[in-house]
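J.: Below are the structure tokens for one structure; questions will follow.
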Amino acid sequence: MRSALAALAALALVSCASTIDPGPVSELPGAVALGDATWLVPGGFEPGRSPDGNSVILRGTAGAVLVDTGRHASHSESVDRALGALDLPLAAIVNTHWHLDHVSGNLPLKAAHPDARVYGTSAIDGALTGFLATSAAVSRKALAAGRIPAAALPDVEGDLETIARGPELQPDIVIDTPHDIVFAGRALSVRIARHAATERDLWIYDAAARRAIVGDLVTLPVPFLDTACPEGWLEALGDVARSGAKQIVPGHGPVMDRHGFARWHVAFRDFIACARGTGTLESCSAGWVSGAAEWIGQDGARATAMADHYGELIRSKKLDGYCRA
């Protein structure tokens, strides 16, 4: 891996152009056009399965840029089909954070596009020896005891295989500080949130499109707080709100305009405040489901159960360790 300063030199070799050239392509198979030569390959979260995060494809004048790669083979295959329709080389994979539903697809996509460089923060280093190593040990024990439901077996086994190849998930080029960067002819601003959804989250502001691609700083049907510092996350959301973005692309869930993002932001803030308080956790979960109802829809029961879990993590202070420098 190389330093952030070396990354600037490497990026300059990709392309020095900075204009957006949409070309003749407006639709990609399996992708949603967002405008400005940008497409969303939606993630999914089927009942009883582990999720895939959203993936975003940006077209530059010298190649394609991919933000996040999902977890399951079906998702990375959808991404690769969409990339194939662009008829451009995949120049860069940018990971917003190290959660497996955003980086597992790096492995097959990098194999299919060996010249692509992977960019991300160094937070994955600690995750590989900490959270992911612990998760793998717990999963292996549960597998040996026969405690994994049959429907979840493929996901658990797939995650174990991915964690075993952990060093291959580390970025080729580390970006731990904010930079304005040109990826394959596409000018973007890379922002860094410390102690938010993970120890160090990367998000992207596309000034030309006034679009923020924020990874797990916005998720549905609930905020995924497994490795989060709630207060740091709130600070990061404030940075997104101040960025001037008119469109926000979450890590999970549909694209939002700035008004929708503001409502999600309020619902998140209120949930954290409630869980930090002394009222019942059931009221906190109900408040979240009510505040985010426009996105949750018929998924209220699952959202409530997940909010109950995350509310308990906050109330018991089990997440406080993620807030330490």
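Ligands are numbered from 1 in the order shown, chains are lettered A, B, ... in the order of the structure tokens, and residues start at 1 in each chain.
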With DSSP run on the backbone, what are the alpha helix (DSSP H) residues within range 192-289 of chain A? I'd like them as a PyMOL selection string.

T.: chain A and resi 230-242+258-276+281-289

J.: Please return, as a PyMOL selection string, all residues of range 138-219 of chain A that DSSP assigns to strand (DSSP E) on the basis of the backbone.

T.: chain A and resi 173-174+179-183+186-194+200-206+211-215

J.: Taking 2 positions as the minimum chain separation for residues in the same chain, which residues sit within 6 Å of range 266-275 of chain A when counting only C-alpha atoms? Answer as a PyMOL selection string.

T.: chain A and resi 263-264+277+284+288+291+311+315

J.: Since we have the selection now, will you write its residues out, keeping N, CA and C atoms, as a tab-separated table (two decimals), in the first residue's frame?

T.:
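Result file is part24.tsv:
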chain	number	residue	atom	x	y	z
A	263	ARG	N	-34.55	15.03	6.52
A	263	ARG	CA	-35.50	14.28	7.35
A	263	ARG	C	-34.85	13.04	7.94
A	264	TRP	N	-34.05	12.33	7.13
A	264	TRP	CA	-33.34	11.16	7.65
A	264	TRP	C	-32.38	11.59	8.76
A	277	GLY	N	-30.77	8.52	26.27
A	277	GLY	CA	-31.57	9.02	27.37
A	277	GLY	C	-32.05	7.93	28.30
A	284	CYS	N	-37.80	4.48	21.52
A	284	CYS	CA	-36.76	4.92	20.59
A	284	CYS	C	-36.94	4.25	19.23
A	288	TRP	N	-37.86	5.93	15.60
A	288	TRP	CA	-37.11	5.76	14.35
A	288	TRP	C	-38.02	5.32	13.21
A	291	GLY	N	-40.10	8.20	12.09
A	291	GLY	CA	-39.34	9.24	11.41
A	291	GLY	C	-38.84	8.84	10.04
A	311	GLY	N	-30.39	0.19	19.55
A	311	GLY	CA	-30.67	1.02	20.71
A	311	GLY	C	-30.04	0.46	21.97
A	315	ARG	N	-27.43	2.26	24.47
A	315	ARG	CA	-27.80	2.43	25.87
A	315	ARG	C	-26.78	1.77	26.81

J.: Hey, what's within 6 Å of Pro171 in chain A if we count only C-alpha atoms and toss same-chain stuff fewer than 5 positions away? As a PDB file with N, CA and C atoms, in the first residue's frame, please?

T.:
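Resulting contents of part_22.pdb:
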ATOM      1  N   VAL A 118      -7.353   0.035  -6.308  1.00  0.00           N
ATOM      2  CA  VAL A 118      -8.310   0.139  -5.212  1.00  0.00           C
ATOM      3  C   VAL A 118      -7.856   1.238  -4.264  1.00  0.00           C
ATOM      4  N   TYR A 119      -8.784   2.130  -3.938  1.00  0.00           N
ATOM      5  CA  TYR A 119      -8.527   3.254  -3.051  1.00  0.00           C
ATOM      6  C   TYR A 119      -9.435   3.130  -1.823  1.00  0.00           C
ATOM      7  N   GLY A 120      -8.885   3.395  -0.651  1.00  0.00           N
ATOM      8  CA  GLY A 120      -9.670   3.346   0.569  1.00  0.00           C
ATOM      9  C   GLY A 120      -8.835   3.820   1.743  1.00  0.00           C
TER      10      GLY A 120
END

J.: Can you list, as number ranges by chain, every protein, DNA or RNA residue that comes within 6 Å of Ala62 in chain A when you count only C-alpha atoms, leaving out same-chain residues fewer than 2 positions away?

T.: A: 60, 184-185

J.: Include N, CA and C atoms and write out the residues we just selected as an mmCIF file, in the first residue's frame.

T.:
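Output file out-v4.cif follows:
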data_model
loop_
_atom_site.group_PDB
_atom_site.id
_atom_site.type_symbol
_atom_site.label_atom_id
_atom_site.label_comp_id
_atom_site.auth_asym_id
_atom_site.auth_seq_id
_atom_site.Cartn_x
_atom_site.Cartn_y
_atom_site.Cartn_z
ATOM 1 N N GLY A 60 -15.568 8.640 -16.380
ATOM 2 C CA GLY A 60 -14.616 9.704 -16.648
ATOM 3 C C GLY A 60 -14.199 9.678 -18.100
ATOM 4 N N ALA A 184 -9.483 9.067 -13.371
ATOM 5 C CA ALA A 184 -9.791 8.720 -14.763
ATOM 6 C C ALA A 184 -10.486 9.860 -15.495
ATOM 7 N N GLY A 185 -10.068 11.087 -15.235
ATOM 8 C CA GLY A 185 -10.666 12.231 -15.893
ATOM 9 C C GLY A 185 -11.893 12.779 -15.199
#
